[in-house]
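**Student:** Coordinates in query35.txt, compact mmCIF, C-alpha atoms and all ligand atoms, are listed below.
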# COMPACT_ATOMS: atom_id res chain seq x y z
CA MET A 240 -16.19 24.28 0.57
CA GLN A 241 -13.38 24.77 -1.96
CA THR A 242 -12.59 28.31 -3.03
CA ILE A 243 -10.37 29.58 -5.81
CA GLU A 244 -7.85 30.72 -3.22
CA ASN A 245 -7.57 27.43 -1.38
CA LEU A 246 -7.64 25.40 -4.64
CA ASN A 247 -4.79 27.43 -6.06
CA ALA A 248 -2.87 27.22 -2.77
CA ARG A 249 -3.23 23.45 -2.61
CA TYR A 250 -3.35 22.22 -6.21
CA ALA A 251 -2.02 24.83 -8.68
CA ILE A 252 1.01 23.60 -10.66
CA ALA A 253 3.25 26.02 -12.56
CA HIS A 254 3.01 25.46 -16.34
CA HIS A 255 0.14 22.99 -15.80
CA LEU A 256 -2.81 24.05 -13.71
CA SER A 257 -4.58 27.00 -12.13
CA PHE A 258 -8.12 27.76 -10.98
CA LYS A 259 -10.18 30.73 -12.17
CA GLU A 260 -13.66 32.09 -11.74
CA SER A 261 -16.05 32.11 -14.68
CA ASP A 262 -19.63 33.37 -14.34
CA GLY A 263 -19.65 32.50 -10.67
CA LEU A 264 -18.32 28.96 -11.17
CA ILE A 265 -14.80 27.63 -10.58
CA VAL A 266 -12.89 26.36 -13.61
CA ALA A 267 -9.61 24.42 -13.64
CA GLU A 268 -7.45 25.70 -16.50
CA ILE A 269 -4.84 23.30 -17.83
CA ASP A 270 -2.08 24.40 -20.19
CA ASN A 271 0.74 21.90 -20.52
CA ALA A 272 3.24 20.68 -23.12
CA HIS A 273 0.58 18.72 -25.00
CA ALA A 274 -2.73 20.57 -24.82
CA THR A 275 -4.98 23.11 -23.22
CA ALA A 276 -8.14 22.12 -21.38
CA SER A 277 -10.68 23.51 -18.95
CA ILE A 278 -12.84 21.71 -16.43
CA CYS A 279 -15.69 23.30 -14.47
CA LEU A 280 -16.01 22.07 -10.89
CA GLN A 281 -19.77 22.10 -11.25
CA GLY A 282 -20.42 18.72 -12.82
CA ALA A 283 -16.65 18.00 -13.10
CA HIS A 284 -17.55 19.13 -16.58
CA LEU A 285 -14.64 19.10 -19.00
CA MET A 286 -15.45 21.99 -21.34
CA THR A 287 -12.48 22.07 -23.72
CA TRP A 288 -9.53 19.97 -24.84
CA THR A 289 -7.34 21.22 -27.64
CA PRO A 290 -4.08 19.42 -28.41
CA LYS A 291 -1.37 21.96 -29.26
CA GLY A 292 -1.39 23.02 -32.90
CA GLN A 293 -4.79 21.45 -33.62
CA GLN A 294 -8.44 22.38 -33.94
CA PRO A 295 -10.39 21.79 -30.72
CA VAL A 296 -11.40 18.15 -30.33
CA ILE A 297 -14.09 18.78 -27.75
CA TRP A 298 -16.85 21.16 -28.83
CA LEU A 299 -18.13 23.81 -26.45
CA SER A 300 -21.11 25.74 -27.74
CA PRO A 301 -20.30 29.40 -28.44
CA ALA A 302 -23.63 30.07 -26.70
CA ALA A 303 -22.91 27.84 -23.69
CA LYS A 304 -24.09 29.35 -20.42
CA LEU A 305 -22.32 28.77 -17.16
CA ALA A 306 -24.82 29.03 -14.34
CA PRO A 307 -25.25 27.33 -10.97
CA GLY A 308 -27.37 24.19 -11.27
CA LYS A 309 -27.54 24.25 -15.10
CA SER A 310 -25.86 21.80 -17.42
CA ILE A 311 -23.27 23.33 -19.77
CA ARG A 312 -23.94 22.81 -23.49
CA GLY A 313 -20.95 21.02 -24.95
CA GLY A 314 -17.84 19.50 -23.46
CA VAL A 315 -18.18 16.23 -21.59
CA PRO A 316 -21.28 16.17 -19.36
CA VAL A 317 -21.08 13.35 -16.81
CA CYS A 318 -24.41 11.51 -16.81
CA TRP A 319 -24.94 9.55 -13.57
CA PRO A 320 -26.55 7.64 -11.81
CA TRP A 321 -29.03 7.17 -14.62
CA PHE A 322 -28.96 7.90 -18.33
CA GLY A 323 -31.85 9.69 -20.06
CA PRO A 324 -35.11 10.12 -18.16
CA HIS A 325 -35.30 8.54 -14.69
CA PRO A 326 -37.09 5.17 -15.06
CA THR A 327 -39.86 5.98 -12.54
CA GLN A 328 -39.58 9.61 -11.32
CA ALA A 329 -40.47 12.03 -14.09
CA SER A 330 -39.49 15.03 -11.93
CA PHE A 331 -35.88 13.87 -11.51
CA PRO A 332 -33.43 15.47 -13.96
CA GLY A 333 -32.68 13.80 -17.28
CA HIS A 334 -29.23 12.13 -17.35
CA GLY A 335 -29.03 12.28 -13.54
CA PHE A 336 -27.76 15.01 -11.25
CA ALA A 337 -23.98 14.54 -11.45
CA ARG A 338 -23.58 17.08 -14.24
CA THR A 339 -25.22 19.93 -12.32
CA VAL A 340 -23.92 19.54 -8.76
CA MET A 341 -20.65 20.52 -7.15
CA TRP A 342 -17.62 18.28 -7.22
CA GLU A 343 -14.42 18.79 -5.27
CA VAL A 344 -10.84 18.43 -6.39
CA ILE A 345 -9.15 15.52 -4.57
CA GLY A 346 -5.85 15.40 -6.45
CA ALA A 347 -3.70 16.93 -9.18
CA LYS A 348 -0.21 16.24 -10.41
CA ALA A 349 2.16 16.90 -13.29
CA LEU A 350 3.04 13.67 -15.09
CA LYS A 351 6.55 12.77 -16.27
CA ASP A 352 5.42 12.78 -19.91
CA GLY A 353 4.23 16.39 -19.64
CA GLY A 354 0.56 15.58 -19.09
CA THR A 355 -1.60 16.66 -16.17
CA TRP A 356 -3.69 14.38 -13.94
CA LEU A 357 -6.67 15.64 -11.96
CA ALA A 358 -9.22 13.85 -9.81
CA PHE A 359 -12.64 15.09 -8.73
CA ARG A 360 -15.21 13.64 -6.32
CA LEU A 361 -18.92 14.39 -6.35
CA VAL A 362 -20.03 16.13 -3.18
CA PRO A 363 -23.28 14.51 -1.96
CA THR A 364 -25.97 16.82 -0.55
CA ASP A 365 -29.44 16.31 0.94
CA ALA A 366 -30.82 16.99 -2.56
CA THR A 367 -28.66 14.31 -4.22
CA ARG A 368 -29.37 11.82 -1.40
CA ALA A 369 -33.12 12.40 -1.88
CA GLN A 370 -32.75 11.22 -5.49
CA TRP A 371 -30.14 8.55 -4.87
CA PRO A 372 -30.28 7.16 -1.32
CA HIS A 373 -27.46 4.65 -1.84
CA PRO A 374 -24.07 5.01 -0.15
CA CYS A 375 -21.47 5.30 -2.87
CA GLU A 376 -18.60 7.45 -4.10
CA LEU A 377 -18.20 8.89 -7.58
CA VAL A 378 -14.73 9.94 -8.75
CA LEU A 379 -13.74 11.33 -12.14
CA GLN A 380 -10.06 11.15 -13.07
CA VAL A 381 -8.85 13.11 -16.08
CA VAL A 382 -5.48 13.00 -17.82
CA VAL A 383 -4.88 15.93 -20.15
CA GLY A 384 -2.07 15.00 -22.52
CA ASN A 385 -1.76 14.30 -26.21
CA THR A 386 -4.68 11.98 -25.53
CA LEU A 387 -7.56 12.86 -23.24
CA ASP A 388 -8.28 10.06 -20.78
CA MET A 389 -11.28 10.08 -18.47
CA ASP A 390 -12.18 7.47 -15.88
CA LEU A 391 -15.53 7.67 -14.10
CA GLY A 392 -15.40 5.36 -11.10
CA THR A 393 -18.42 4.39 -9.00
CA LEU A 394 -17.58 2.73 -5.68
CA ASN A 395 -20.45 1.04 -3.88
CA THR A 396 -19.67 1.77 -0.22
CA GLY A 397 -22.94 0.26 1.05
CA SER A 398 -24.04 -3.25 1.94
CA GLU A 399 -26.50 -3.76 -0.91
CA SER A 400 -26.00 -3.95 -4.67
CA ILE A 401 -26.69 -0.81 -6.69
CA THR A 402 -27.63 -0.47 -10.35
CA ILE A 403 -26.50 2.56 -12.31
CA GLY A 404 -26.62 3.97 -15.82
CA ASP A 405 -23.89 6.41 -16.79
CA ALA A 406 -22.27 8.20 -19.70
CA LEU A 407 -19.51 10.48 -20.80
CA HIS A 408 -21.80 12.50 -23.05
CA THR A 409 -19.02 13.93 -25.19
CA TYR A 410 -19.55 16.64 -27.81
CA PHE A 411 -16.86 16.33 -30.51
CA GLU A 412 -15.96 19.24 -32.75
CA VAL A 413 -16.12 18.65 -36.51
CA SER A 414 -15.55 20.84 -39.56
CA ASP A 415 -19.02 20.24 -41.02
CA LEU A 416 -21.08 17.30 -39.82
CA ARG A 417 -22.47 16.65 -43.32
CA GLU A 418 -18.95 15.73 -44.47
CA VAL A 419 -18.15 13.43 -41.56
CA ALA A 420 -18.44 9.64 -41.17
CA ILE A 421 -18.56 7.75 -37.88
CA HIS A 422 -16.99 4.31 -38.05
CA GLY A 423 -17.09 1.43 -35.57
CA LEU A 424 -20.81 0.80 -35.27
CA ASP A 425 -21.32 -1.31 -38.40
CA GLY A 426 -23.69 -4.21 -37.65
CA ALA A 427 -24.64 -2.95 -34.18
CA PRO A 428 -28.32 -3.15 -33.19
CA TYR A 429 -29.78 0.18 -32.10
CA ILE A 430 -32.88 1.91 -30.77
CA ASP A 431 -33.87 4.82 -32.97
CA LYS A 432 -35.30 7.45 -30.64
CA VAL A 433 -36.40 9.68 -33.52
CA ASP A 434 -38.42 6.79 -35.01
CA ASN A 435 -40.55 5.93 -31.94
CA GLY A 436 -37.85 3.71 -30.49
CA ALA A 437 -37.81 1.36 -33.51
CA GLN A 438 -35.16 -1.37 -33.30
CA LYS A 439 -32.76 -1.29 -36.22
CA GLN A 440 -29.31 -2.44 -37.25
CA GLN A 441 -26.50 -0.20 -38.46
CA ALA A 442 -25.16 -0.88 -41.94
CA GLY A 443 -21.81 0.76 -42.68
CA PRO A 444 -20.57 4.03 -41.19
CA VAL A 445 -22.98 6.56 -39.67
CA SER A 446 -23.56 9.69 -41.78
CA ILE A 447 -25.77 12.44 -40.42
CA TYR A 448 -28.04 14.70 -42.49
CA GLN A 449 -30.93 15.08 -40.05
CA GLU A 450 -31.77 14.70 -36.37
CA VAL A 451 -30.15 11.58 -34.94
CA ASP A 452 -30.72 10.10 -31.48
CA ARG A 453 -29.71 6.46 -31.24
CA ILE A 454 -28.60 4.00 -28.60
CA TYR A 455 -26.30 1.36 -30.10
CA PHE A 456 -25.71 -1.88 -28.23
CA ASN A 457 -22.81 -4.37 -28.06
CA THR A 458 -20.36 -1.62 -28.88
CA GLY A 459 -17.22 -2.34 -26.88
CA HIS A 460 -14.75 -1.43 -29.59
CA ASP A 461 -13.37 1.88 -30.86
CA CYS A 462 -15.43 4.45 -32.71
CA VAL A 463 -13.69 6.78 -35.16
CA ILE A 464 -14.99 10.15 -36.36
CA GLU A 465 -13.48 10.73 -39.79
CA ASP A 466 -13.29 14.38 -40.77
CA PRO A 467 -11.67 14.76 -44.23
CA ALA A 468 -11.89 18.60 -44.32
CA TRP A 469 -9.79 18.84 -41.17
CA LYS A 470 -7.71 15.85 -42.31
CA ARG A 471 -8.15 14.03 -39.04
CA ARG A 472 -9.74 11.12 -37.29
CA ILE A 473 -10.87 11.32 -33.69
CA ARG A 474 -10.54 7.88 -32.09
CA ILE A 475 -12.72 6.94 -29.14
CA ALA A 476 -11.47 3.94 -27.16
CA LYS A 477 -13.40 2.79 -24.12
CA LEU A 478 -13.80 0.23 -21.36
CA GLY A 479 -16.74 -0.46 -19.05
CA SER A 480 -19.33 0.66 -21.60
CA ARG A 481 -21.35 -1.67 -23.80
CA SER A 482 -23.55 0.95 -25.44
CA THR A 483 -22.90 4.08 -27.50
CA VAL A 484 -25.24 7.00 -28.07
CA VAL A 485 -24.99 9.08 -31.24
CA TRP A 486 -26.87 12.35 -31.03
CA ASN A 487 -27.30 15.53 -33.02
CA PRO A 488 -30.48 17.64 -32.65
CA TRP A 489 -30.24 19.13 -36.18
CA ILE A 490 -31.54 22.57 -37.02
CA GLU A 491 -35.12 22.71 -35.69
CA LYS A 492 -34.41 21.27 -32.25
CA ALA A 493 -31.14 23.19 -32.06
CA ASN A 494 -33.01 26.46 -32.60
CA LYS A 495 -35.50 25.55 -29.87
CA MET A 496 -32.72 24.63 -27.45
CA GLY A 497 -31.29 28.12 -27.75
CA ASP A 498 -27.79 27.33 -26.44
CA LEU A 499 -26.17 25.69 -29.47
CA GLY A 500 -25.19 28.91 -31.24
CA GLU A 501 -25.99 29.77 -34.84
CA ASN A 502 -25.44 26.66 -36.98
CA GLY A 503 -23.65 25.13 -34.00
CA TYR A 504 -25.31 21.79 -34.71
CA LEU A 505 -23.14 21.44 -37.85
CA ASN A 506 -19.92 21.70 -35.85
CA MET A 507 -20.66 19.01 -33.28
CA VAL A 508 -21.62 15.42 -32.86
CA CYS A 509 -22.14 13.54 -29.63
CA VAL A 510 -20.64 10.06 -29.60
CA GLU A 511 -21.31 9.04 -26.04
CA SER A 512 -19.72 6.13 -24.22
CA THR A 513 -22.62 4.90 -22.15
CA ASN A 514 -24.31 2.31 -20.05
CA ALA A 515 -27.76 3.25 -21.34
CA ALA A 516 -31.26 1.74 -21.60
CA ASP A 517 -31.04 -1.97 -20.65
CA ASP A 518 -27.26 -1.71 -20.58
CA VAL A 519 -27.14 -0.75 -16.90
CA VAL A 520 -24.44 -1.87 -14.48
CA THR A 521 -24.99 -3.64 -11.16
CA ILE A 522 -22.26 -3.08 -8.60
CA ALA A 523 -21.98 -5.45 -5.63
CA PRO A 524 -21.24 -4.05 -2.14
CA GLN A 525 -17.69 -2.71 -1.81
CA GLN A 526 -17.08 -3.21 -5.54
CA GLU A 527 -16.50 -0.53 -8.17
CA HIS A 528 -17.31 0.10 -11.79
CA HIS A 529 -15.19 2.18 -14.14
CA LEU A 530 -16.27 3.83 -17.34
CA TRP A 531 -13.02 4.75 -19.07
CA VAL A 532 -12.40 6.54 -22.37
CA ARG A 533 -9.36 7.66 -24.33
CA TYR A 534 -9.76 10.24 -27.08
CA SER A 535 -6.94 10.66 -29.57
CA VAL A 536 -6.39 12.34 -32.91
CA GLU A 537 -4.86 10.72 -36.00
CA ALA A 538 -3.83 12.51 -39.17
CA LEU A 539 -5.80 11.61 -42.27
CA SER A 540 -3.78 11.87 -45.43
C1 LIG B 601 -28.62 12.53 -25.60
C2 LIG B 601 -29.99 11.92 -25.61
O1 LIG B 601 -27.76 11.68 -24.90
O2 LIG B 601 -28.65 13.78 -24.93
C3 LIG B 601 -30.96 12.89 -26.26
O3 LIG B 601 -29.97 10.68 -26.31
C4 LIG B 601 -30.91 14.24 -25.55
O4 LIG B 601 -32.28 12.35 -26.23
C5 LIG B 601 -29.48 14.73 -25.56
O5 LIG B 601 -31.75 15.16 -26.23
C6 LIG B 601 -29.26 16.07 -24.88
O6 LIG B 601 -29.72 16.05 -23.59
P1 LIG B 601 -29.70 17.33 -22.70
O7 LIG B 601 -30.41 16.94 -21.44
O8 LIG B 601 -28.25 17.66 -22.45
O9 LIG B 601 -30.38 18.42 -23.48
I need this file expressed as structure tokens, please.
Ligand code: BG6

**Tutor:**
Amino acid sequence: MQTIENLNARYAIAHHLSFKESDGLIVAEIDNAHATASICLQGAHLMTWTPKGQQPVIWLSPAAKLAPGKSIRGGVPVCWPWFGPHPTQASFPGHGFARTVMWEVIGAKALKDGGTWLAFRLVPTDATRAQWPHPCELVLQVVVGNTLDMDLGTLNTGSESITIGDALHTYFEVSDLREVAIHGLDGAPYIDKVDNGAQKQQAGPVSIYQEVDRIYFNTGHDCVIEDPAWKRRIRIAKLGSRSTVVWNPWIEKANKMGDLGENGYLNMVCVESTNAADDVVTIAPQQEHHLWVRYSVEALS
């Protein structure tokens, strides 16, 4: 079992990385030449990433609660080994268990360019094995620099194929969602979860003025969140993901959820790099699958 003391003894790096306690959970705090970031060991949940001199890029709810076994509202929840409700077991947690169980740190180093690399591995337990009885290893690698890179790798260590759904369910911070446009999904077919799962096709950029919960398909290329008030674009590049989820609960659902903060729904949008719905991934024995993203910020003149 990793403790703050042994994590700091083994992995802390001056001017890069230290481990702290927050509400009973362990959080890796990164502060390097490019950015600050924090990652909770429960869920390997990246909570914040703020490039130096900029507004936060990743949104963490001001009302987020850190508690054992509970998913944190905001940041980058890791959804695995299924996305959304479990296909057959209604009692299994939505978006899988990876975001609420303990992970361990397996590596950290300072990079030559001033960035910081960290790697985490999910710690299997009897409870996780009861929901996912397949031998495999899940590793999240994170590079905190002037881009944020995340690589979620699933290694099938067994002798039979496995089929997973997964997602980096990222909450991006925006000035005011009503002023924002999401580019990169034009022409993509999607399932509209707030219209009884109707199948539709995107025309032009996505603008959001009400609850949105959509799974877009055939979306291998970049998405860009254009935020004129903050004069920036957030670029989302990805590999190993053929679907994209766009989600915002809007006011009524946000109020019921209780952990989005007052008007928090206007400051966030989830643009999730996923393997969702029919877009699942089959991994042959001894093979691996990587879901990789790179988030970067571009100035908008
Ligand atoms: C999105 C789903 O990915 O996550 C939504 O498409 C869901 O249907 C949302 O409401 C938030 O999920 P959770 O479990 O974090 O509240």

**Student:** For Asp352 (chain A), which residue among A:Asn271, A:Thr521, A:Gln328, A:Asn245 is the nearest when counting all atoms listed in the file?

**Tutor:** A:Asn271

**Student:** A:Lys439, A:Arg481, A:Arg249, A:His325: which is nearest ligand LIG 601 (chain B), counting only C-alpha atoms and all ligand atoms?

**Tutor:**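 Checking each candidate against ligand LIG 601 (chain B), we get A:His325 as the closest.
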
**Student:** Which one of A:Thr289, A:Ser446, A:Ser512, A:Thr327 sits closest to ligand LIG 601 (chain B) if you count only C-alpha atoms and all ligand atoms?

**Tutor:**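 Counting only C-alpha atoms and all ligand atoms, the residue closest to ligand LIG 601 (chain B) is A:Ser512.
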
**Student:** Nearest to ligand LIG 601 (chain B) among A:Gly354, A:Gly404, A:Gly426, A:Pro444, with distances taken over only C-alpha atoms and all ligand atoms: which residue is it?

**Tutor:**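 Result for the nearest residue to ligand LIG 601 (chain B): A:Gly404.
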
**Student:** Which polymer residues have any atom within 9 Å of an atom of Gln241 (chain A), counting only C-alpha atoms, with same-chain residues fewer than 2 positions away left out, as a short mmCIF file (atom, residue, chain, number, x, y, z; two decimals) with C-alpha atoms, in the coordinates of the input?

**Tutor:**
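selection21.cif, written as the output of this step:
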data_model
loop_
_atom_site.label_atom_id
_atom_site.label_comp_id
_atom_site.auth_asym_id
_atom_site.auth_seq_id
_atom_site.Cartn_x
_atom_site.Cartn_y
_atom_site.Cartn_z
CA ILE A 243 -10.37 29.58 -5.81
CA GLU A 244 -7.85 30.72 -3.22
CA ASN A 245 -7.57 27.43 -1.38
CA LEU A 246 -7.64 25.40 -4.64
CA GLU A 343 -14.42 18.79 -5.27
CA VAL A 344 -10.84 18.43 -6.39
#

**Student:** Which one is closest to ligand LIG 601 (chain B): A:Gln449, A:Gln294, A:Asn502, A:Thr409? Count all atoms listed in the file.

**Tutor:**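 Residue with the minimum atom-to-atom distance to ligand LIG 601 (chain B): A:Thr409.
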
**Student:** What's the separation between CA of Leu357 (chain A) and CA of Arg474 (chain A), in Å to one decimal place?

**Tutor:**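 Distance between the two atoms: 21.9 Å.
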
**Student:** Any idea what the distance is between CA of Ala251 (chain A) and CA of Trp298 (chain A)?

**Tutor:**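 Separating CA of Ala251 (chain A) from CA of Trp298 (chain A) is a distance of 25.3 Å.
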
**Student:** Collect all residues with atoms no farther than 10 Å from ligand LIG 601 (chain B), counting all atoms listed in the file, and output them as a ChimeraX atom specification.

**Tutor:** /A:309-313,316,318,322-324,332-335,338,406-410,431-433,451-454,483-488,492-493,496,498,509-513,515

**Student:** Env of Asn385 (chain A): 7 Å cut, atoms = all atoms listed in the file, seq-sep filter 6 positions within chain, self excluded. Answer as a compact mmCIF listing (two decimals) with C-alpha atoms, keeping the file's coordinate frame.

**Tutor:**
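Ended up saving to out12.txt:
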# COMPACT_ATOMS: atom_id res chain seq x y z
CA HIS A 273 0.58 18.72 -25.00
CA ALA A 274 -2.73 20.57 -24.82
CA PRO A 290 -4.08 19.42 -28.41

**Student:** Kindly provide, as AutoDock Vina command-line options, the centre and edge lengths (Å, one decimal) of an axis-aligned box around all atoms of region 462-481 of chain A given in the file, with 5 Å on each side.

**Tutor:**
--center_x -14.5 --center_y 8.6 --center_z -31.7 --size_x 23.6 --size_y 30.5 --size_z 35.3

**Student:** Would you compute the distance between CA of Ile345 (chain A) and CA of Ile473 (chain A)? Give it in Å to one decimal.

**Tutor:**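 Taking CA of Ile345 (chain A) and CA of Ile473 (chain A), their separation equals 29.5 Å.
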
**Student:** Go ahead and find all residues with at least one atom no further than 10 Å from (-16.9, -0.8, -29.1) in the file's coordinates, using only C-alpha atoms; report them as a list in words.

**Tutor:**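 Output: Gly423, Leu424, Ala427, Tyr455, Phe456, Asn457, Thr458, Gly459, His460, Asp461, Cys462, Ile475, Ala476, Lys477, Leu478, Ser480, Arg481, Ser482, Thr483 and Ser512 of chain A.
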
**Student:** Mind listing whatever residues come within 8 Å of the point (-10.7, 15.5, -9.9)? Use only C-alpha atoms, file coordinates, and give them as a compact mmCIF listing (two decimals) with C-alpha atoms, in the coordinates of the input.

**Tutor:**
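What ended up in point_38.txt:
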# COMPACT_ATOMS: atom_id res chain seq x y z
CA ALA A 283 -16.65 18.00 -13.10
CA TRP A 342 -17.62 18.28 -7.22
CA GLU A 343 -14.42 18.79 -5.27
CA VAL A 344 -10.84 18.43 -6.39
CA ILE A 345 -9.15 15.52 -4.57
CA GLY A 346 -5.85 15.40 -6.45
CA ALA A 347 -3.70 16.93 -9.18
CA LEU A 357 -6.67 15.64 -11.96
CA ALA A 358 -9.22 13.85 -9.81
CA PHE A 359 -12.64 15.09 -8.73
CA ARG A 360 -15.21 13.64 -6.32
CA VAL A 378 -14.73 9.94 -8.75
CA LEU A 379 -13.74 11.33 -12.14
CA GLN A 380 -10.06 11.15 -13.07
CA VAL A 381 -8.85 13.11 -16.08

**Student:** What would region 520-536 of chain A look like with N, CA, C and O atoms in place, written as a short mmCIF file (atom, residue, chain, number, x, y, z; two decimals), in the coordinates of the input?

**Tutor:**
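The new file selection32.cif reads:
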data_model
loop_
_atom_site.label_atom_id
_atom_site.label_comp_id
_atom_site.auth_asym_id
_atom_site.auth_seq_id
_atom_site.Cartn_x
_atom_site.Cartn_y
_atom_site.Cartn_z
N VAL A 520 -25.53 -1.14 -15.14
CA VAL A 520 -24.44 -1.87 -14.48
C VAL A 520 -24.83 -2.10 -13.02
O VAL A 520 -25.20 -1.15 -12.33
N THR A 521 -24.74 -3.34 -12.57
CA THR A 521 -24.99 -3.64 -11.16
C THR A 521 -23.65 -3.80 -10.45
O THR A 521 -22.77 -4.51 -10.93
N ILE A 522 -23.53 -3.08 -9.34
CA ILE A 522 -22.26 -3.08 -8.60
C ILE A 522 -22.51 -3.69 -7.22
O ILE A 522 -23.34 -3.18 -6.44
N ALA A 523 -21.82 -4.76 -6.92
CA ALA A 523 -21.98 -5.45 -5.63
C ALA A 523 -21.39 -4.58 -4.51
O ALA A 523 -20.57 -3.69 -4.78
N PRO A 524 -21.78 -4.83 -3.26
CA PRO A 524 -21.24 -4.05 -2.14
C PRO A 524 -19.71 -4.07 -2.13
O PRO A 524 -19.09 -5.11 -2.37
N GLN A 525 -19.15 -2.90 -1.90
CA GLN A 525 -17.69 -2.71 -1.81
C GLN A 525 -16.96 -2.94 -3.14
O GLN A 525 -15.73 -3.02 -3.16
N GLN A 526 -17.71 -3.05 -4.23
CA GLN A 526 -17.08 -3.21 -5.54
C GLN A 526 -17.18 -1.88 -6.30
O GLN A 526 -17.95 -0.99 -5.92
N GLU A 527 -16.44 -1.77 -7.41
CA GLU A 527 -16.50 -0.53 -8.17
C GLU A 527 -16.66 -0.81 -9.66
O GLU A 527 -16.34 -1.89 -10.14
N HIS A 528 -17.19 0.18 -10.33
CA HIS A 528 -17.31 0.10 -11.79
C HIS A 528 -16.61 1.31 -12.39
O HIS A 528 -16.75 2.43 -11.88
N HIS A 529 -15.87 1.07 -13.48
CA HIS A 529 -15.19 2.18 -14.14
C HIS A 529 -15.63 2.30 -15.58
O HIS A 529 -15.63 1.31 -16.32
N LEU A 530 -16.02 3.49 -15.94
CA LEU A 530 -16.27 3.83 -17.34
C LEU A 530 -15.07 4.66 -17.77
O LEU A 530 -14.84 5.75 -17.23
N TRP A 531 -14.30 4.11 -18.69
CA TRP A 531 -13.02 4.75 -19.07
C TRP A 531 -13.04 5.05 -20.57
O TRP A 531 -13.51 4.22 -21.38
N VAL A 532 -12.55 6.22 -20.94
CA VAL A 532 -12.40 6.54 -22.37
C VAL A 532 -11.02 7.13 -22.63
O VAL A 532 -10.39 7.72 -21.73
N ARG A 533 -10.56 6.95 -23.85
CA ARG A 533 -9.36 7.66 -24.33
C ARG A 533 -9.68 8.25 -25.69
O ARG A 533 -10.08 7.53 -26.61
N TYR A 534 -9.55 9.57 -25.80
CA TYR A 534 -9.76 10.24 -27.08
C TYR A 534 -8.39 10.62 -27.65
O TYR A 534 -7.54 11.16 -26.94
N SER A 535 -8.20 10.31 -28.93
CA SER A 535 -6.94 10.66 -29.57
C SER A 535 -7.21 11.11 -30.99
O SER A 535 -8.29 10.84 -31.55
N VAL A 536 -6.23 11.79 -31.57
CA VAL A 536 -6.39 12.34 -32.91
C VAL A 536 -5.35 11.72 -33.83
O VAL A 536 -4.18 11.62 -33.45
#
